[in-house]
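Coordinates as given in query-v5.csv (CSV, C-alpha atoms):
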```csv
chain,number,residue,atom,x,y,z
A,1,MET,CA,4.3,3.8,27.4
A,2,ALA,CA,1.2,3.1,25.3
A,3,THR,CA,1.3,0.8,22.4
A,4,HIS,CA,0.5,2.4,19.1
A,5,PRO,CA,-2.9,1.2,17.7
A,6,ASN,CA,-1.3,0.3,14.3
A,7,ILE,CA,0.5,-2.6,16.1
A,8,ALA,CA,-2.8,-4.1,17.0
A,9,ALA,CA,-4.0,-3.6,13.4
A,10,ILE,CA,-1.0,-5.4,12.0
A,11,ASP,CA,-1.4,-8.2,14.5
A,12,ASP,CA,-5.1,-8.6,13.5
A,13,ILE,CA,-4.3,-8.6,9.8
A,14,LEU,CA,-1.6,-11.2,10.3
A,15,THR,CA,-4.4,-13.6,11.5
A,16,ARG,CA,-6.1,-13.3,8.1
A,17,VAL,CA,-3.3,-13.1,5.6
A,18,ARG,CA,-3.1,-15.9,3.0
A,19,SER,CA,0.1,-15.2,1.0
A,20,ASN,CA,3.7,-15.5,2.2
A,21,VAL,CA,4.4,-12.2,0.4
A,22,VAL,CA,1.9,-10.2,2.5
A,23,SER,CA,2.8,-12.2,5.7
A,24,ASP,CA,6.5,-11.6,5.3
A,25,PHE,CA,5.9,-7.9,4.7
A,26,LEU,CA,3.7,-7.5,7.8
A,27,HIS,CA,6.1,-9.5,10.0
A,28,TYR,CA,8.8,-7.1,8.9
A,29,MET,CA,6.6,-4.0,9.5
A,30,ARG,CA,5.8,-5.4,13.0
A,31,GLN,CA,9.5,-5.9,13.7
A,32,ILE,CA,10.4,-2.3,12.8
A,33,HIS,CA,7.4,-0.7,14.4
A,34,PRO,CA,8.2,1.4,17.4
A,35,ALA,CA,5.9,0.8,20.4
A,36,ASP,CA,4.6,4.3,20.7
A,37,ARG,CA,4.7,5.8,17.2
A,38,LEU,CA,4.6,5.0,13.6
A,39,PRO,CA,7.7,3.8,11.8
A,40,ALA,CA,9.5,6.3,9.5
A,41,ARG,CA,10.8,5.6,6.0
A,42,ARG,CA,14.3,5.5,7.4
A,43,ASP,CA,13.3,2.6,9.6
A,44,PHE,CA,12.4,0.5,6.5
A,45,ASP,CA,15.5,-1.2,5.2
A,46,VAL,CA,14.9,-2.6,1.7
A,47,ALA,CA,18.0,-4.8,2.0
A,48,ALA,CA,16.2,-6.7,4.8
A,49,VAL,CA,13.3,-7.7,2.5
A,50,PRO,CA,14.7,-7.9,-1.1
A,51,HIS,CA,12.3,-10.7,-2.1
A,52,LEU,CA,9.3,-8.3,-1.5
A,53,LEU,CA,10.6,-5.4,-3.6
A,54,PRO,CA,8.8,-6.6,-6.9
A,55,ASN,CA,5.5,-6.5,-5.0
A,56,MET,CA,5.9,-3.2,-3.3
A,57,VAL,CA,4.6,0.4,-3.8
A,58,LEU,CA,5.8,3.5,-2.0
A,59,VAL,CA,3.6,6.6,-2.2
A,60,GLN,CA,4.4,10.0,-0.9
A,61,VAL,CA,1.5,11.7,0.9
A,62,GLU,CA,0.9,15.3,-0.2
A,63,ARG,CA,-1.6,17.1,2.0
A,64,GLN,CA,-3.8,19.7,0.3
A,65,PRO,CA,-5.6,22.7,1.8
A,66,ALA,CA,-8.9,21.8,3.3
A,67,PRO,CA,-11.4,20.6,2.1
A,68,GLN,CA,-9.3,18.9,-0.6
A,69,PRO,CA,-8.2,15.4,0.1
A,70,ALA,CA,-4.5,14.5,0.3
A,71,ARG,CA,-2.9,13.3,-2.9
A,72,PHE,CA,-0.7,10.2,-3.3
A,73,PHE,CA,2.4,10.4,-5.5
A,74,VAL,CA,3.9,7.0,-6.6
A,75,ARG,CA,7.6,7.2,-5.8
A,76,VAL,CA,8.5,3.5,-6.2
A,77,ALA,CA,6.7,0.5,-7.7
A,78,GLY,CA,8.1,-3.0,-8.1
A,79,GLU,CA,8.2,-4.8,-11.3
A,80,ILE,CA,5.3,-7.2,-10.6
A,81,ILE,CA,3.1,-4.1,-9.8
A,82,LEU,CA,4.3,-2.3,-13.0
A,83,GLU,CA,3.5,-5.4,-15.1
A,84,ALA,CA,0.0,-5.8,-13.6
A,85,ALA,CA,-0.9,-2.1,-13.8
A,86,PRO,CA,-3.2,-1.2,-16.7
A,87,SER,CA,-1.4,2.1,-17.3
A,88,PRO,CA,1.9,3.7,-16.3
A,89,MET,CA,2.2,4.7,-12.7
A,90,MET,CA,5.7,5.7,-11.8
A,91,ASN,CA,6.1,9.4,-10.8
A,92,ARG,CA,2.3,10.0,-11.1
A,93,TYR,CA,-0.4,10.9,-8.7
A,94,ILE,CA,-2.8,8.0,-7.9
A,95,ASP,CA,-5.9,10.2,-8.7
A,96,GLU,CA,-4.5,10.7,-12.2
A,97,ILE,CA,-3.9,6.9,-12.6
A,98,VAL,CA,-7.5,6.3,-11.3
A,99,ALA,CA,-8.9,8.7,-13.8
A,100,THR,CA,-7.0,7.2,-16.7
A,101,ASN,CA,-8.1,3.6,-15.6
A,102,ALA,CA,-11.7,4.6,-15.2
A,103,ARG,CA,-11.7,6.0,-18.8
A,104,LEU,CA,-9.9,2.8,-20.1
A,105,SER,CA,-12.1,0.3,-18.3
A,106,GLY,CA,-15.3,2.1,-17.6
A,107,LEU,CA,-15.0,0.8,-14.0
A,108,PRO,CA,-15.0,3.2,-11.0
A,109,ALA,CA,-11.6,2.8,-9.2
A,110,SER,CA,-12.1,5.3,-6.4
A,111,VAL,CA,-11.3,2.4,-3.9
A,112,ILE,CA,-7.6,2.9,-4.8
A,113,LEU,CA,-7.8,6.4,-3.3
A,114,ASP,CA,-10.4,5.6,-0.6
A,115,VAL,CA,-8.3,2.9,1.1
A,116,ARG,CA,-5.2,5.1,1.3
A,117,GLN,CA,-7.4,8.0,2.7
A,118,GLN,CA,-8.5,5.5,5.3
A,119,VAL,CA,-4.9,4.8,6.3
A,120,LEU,CA,-4.3,8.5,6.5
A,121,GLN,CA,-7.3,9.2,8.6
A,122,THR,CA,-6.9,6.2,11.0
A,123,GLY,CA,-3.1,5.9,11.2
A,124,GLN,CA,-3.6,2.2,10.8
A,125,SER,CA,-2.7,-0.4,8.2
A,126,TYR,CA,-5.4,-1.5,5.8
A,127,TYR,CA,-5.8,-5.0,4.4
A,128,TRP,CA,-7.8,-6.5,1.5
A,129,HIS,CA,-8.2,-10.0,0.1
A,130,GLY,CA,-10.8,-10.8,-2.5
A,131,PRO,CA,-11.6,-10.3,-6.1
A,132,PRO,CA,-9.8,-7.4,-7.9
A,133,ARG,CA,-11.9,-4.2,-7.7
A,134,MET,CA,-10.3,-2.8,-10.9
A,135,LYS,CA,-9.1,-4.1,-14.2
A,136,PHE,CA,-5.5,-5.3,-14.5
A,137,ARG,CA,-3.4,-6.3,-17.6
A,138,HIS,CA,-3.9,-9.9,-16.5
A,139,ASP,CA,-6.8,-11.8,-14.9
A,140,TYR,CA,-6.2,-12.9,-11.3
A,141,ALA,CA,-8.2,-15.2,-9.1
A,142,ASP,CA,-7.8,-12.8,-6.1
A,143,LEU,CA,-5.9,-9.8,-5.0
A,144,GLU,CA,-4.3,-9.5,-1.6
A,145,TYR,CA,-2.7,-6.3,-0.3
A,146,VAL,CA,-1.9,-4.2,2.7
A,147,HIS,CA,-1.1,-0.5,3.0
A,148,CYS,CA,1.0,0.6,6.0
A,149,PRO,CA,1.5,4.2,7.2
A,150,LEU,CA,5.0,5.7,7.6
A,151,ALA,CA,5.7,9.0,9.4
A,152,ASN,CA,9.1,10.7,9.7
A,153,ASP,CA,8.0,12.4,12.9
A,154,GLY,CA,6.2,9.2,14.1
A,155,ILE,CA,2.8,10.9,14.0
A,156,THR,CA,2.1,12.7,10.7
A,157,ILE,CA,1.8,10.1,7.9
A,158,ASP,CA,4.0,11.2,5.0
A,159,ARG,CA,4.3,7.9,3.1
A,160,ILE,CA,2.3,4.8,2.7
A,161,ILE,CA,4.1,1.6,1.8
A,162,SER,CA,2.1,-1.3,0.3
A,163,VAL,CA,2.6,-4.8,-0.8
A,164,PHE,CA,0.4,-6.6,-3.3
A,165,TYR,CA,0.0,-10.3,-4.1
A,166,TYR,CA,-1.9,-11.4,-7.2
A,167,HIS,CA,-3.4,-14.9,-6.5
A,168,GLY,CA,-3.4,-16.9,-9.7
A,169,ALA,CA,-0.4,-15.1,-11.2
A,170,THR,CA,2.5,-17.1,-12.4
A,171,ASP,CA,5.1,-17.1,-9.6
```
Rendering of file as structure tokens:
Amino acid sequence: MATHPNIAAIDDILTRVRSNVVSDFLHYMRQIHPADRLPARRDFDVAAVPHLLPNMVLVQVERQPAPQPARFFVRVAGEIILEAAPSPMMNRYIDEIVATNARLSGLPASVILDVRQQVLQTGQSYYWHGPPRMKFRHDYADLEYVHCPLANDGITIDRIISVFYYHGATD
């Protein structure tokens, strides 16, 4: 049985993670990850990681007819995320949130879409640590996050679950 490439991606990211929030999340994702497929939403038990819920976002992937890119609908966002976000995000498409934020801040925020598209295209988790690439309600020294794919059938990504840690925020 071949090992799924996302397992190697998670293991690599774990060598670079700085925050306990992101590390705990990835260790849990690694624990629930089947060897030969992607984990499904049903594999993720929120009761197993209650301390991470304020830092998490779950988006539903809605595939569009070619050549349109997939859309990402925010199903769940934790309270730390909602507090940091410059505009409302619950039950909205990320492309709409990006458009609103670009108008408010004057900054291009396509990276928010691009990194999720990358997860969708590669089937592998995406990690970032560095200065924020968009405006938030508060100033943070650094932002650290990871986006992980979920697939009910183990192959076709239908959700992306993410955890964010704002370095410099009051814990």
Each residue of stretch 27-65 of chain A with at least one atom at most 12 Å from stretch 84-92 of chain A should appear once, together with its nearest atom pair and the corresponding distance in Å (one decimal); atoms considered: all atoms listed in the file; ordering: chain, then increasing residue number; output as JSON lines.
```
{"residue": "A:Pro54", "atom": "CA", "partner": "A:Ala84", "partner_atom": "CA", "distance": 11.1}
{"residue": "A:Asn55", "atom": "CA", "partner": "A:Ala84", "partner_atom": "CA", "distance": 10.2}
{"residue": "A:Val57", "atom": "CA", "partner": "A:Met90", "partner_atom": "CA", "distance": 9.7}
{"residue": "A:Leu58", "atom": "CA", "partner": "A:Met90", "partner_atom": "CA", "distance": 10.0}
{"residue": "A:Val59", "atom": "CA", "partner": "A:Asn91", "partner_atom": "CA", "distance": 9.4}
{"residue": "A:Gln60", "atom": "CA", "partner": "A:Asn91", "partner_atom": "CA", "distance": 10.1}
```
Quiz item: Which polymer residues have any atom within 8 Å of an atom of A:Ile32, counting only C-alpha atoms, with same-chain residues fewer than 6 positions away left out, as a PyMOL selection string?
Solution: chain A and resi 39+43-44
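Shortest atom-to-atom contact with A:Val74 among A:Tyr28, A:Pro5, A:Ile160, A:His167: A:Ile160, counting all atoms listed in the file.
Closest approach to A:Arg30 from the set A:His51, A:Arg42, A:Arg71, A:His4 is made by A:His4, with distances taken over all atoms listed in the file.
When all atoms listed in the file are used to measure the gap to A:Leu143, the shortest distance among A:Ser125, A:Gln31, A:Ser19, A:Ser110 belongs to A:Ser19.
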Practice problem: Would you mind reading off the distance between atom CA of A:Ile112 and atom CA of A:Val163, one decimal, in Å? | Solution: 13.4 Å
Quiz item: How would you write as a ChimeraX atom specification the residues that get within 12 Å of (-5.4, 5.2, 5.4) in the file's frame, counting only C-alpha atoms?
Solution: /A:6,9,59,61,69-72,111-127,146-150,156-162
Quiz item: If you count all atoms listed in the file, which residues fall within 12 Å of A:Leu53, apart from same-chain ones fewer than 6 positions away, as a ChimeraX atom specification?
Solution: /A:21-22,24-25,44-47,76-82,161-165
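Among the candidates A:Ile155, A:Ser23, A:Asp11, A:Tyr166, the residue lying nearest to A:Asp142 is A:Tyr166 (atoms considered: only C-alpha atoms).
For the pair atom CA of A:Thr3 and atom CA of A:Asp36, the interatomic distance is 5.1 Å.
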Kindly compute an axis-aligned box around the listed atoms of stretch 165-168 of chain A, allowing 6 Å on each side, and express its centre and edge lengths in Å to one decimal as lines of an AutoDock Vina configuration file.
```
center_x = -1.7
center_y = -13.6
center_z = -6.9
size_x = 15.4
size_y = 18.6
size_z = 17.6
```
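Relative to atom CA of A:Pro131, atom CA of A:Ile7 is found at 26.4 Å.
Between A:Ile13 and the residues A:Pro65, A:Met56, A:Gly154, A:His129, the shortest atom-to-atom distance, using all atoms listed in the file, involves A:His129.
Distances here use all atoms listed in the file; by that measure, the residue among A:His33, A:His27, A:Ala40, A:Arg18 closest to A:Asp153 is A:Ala40.
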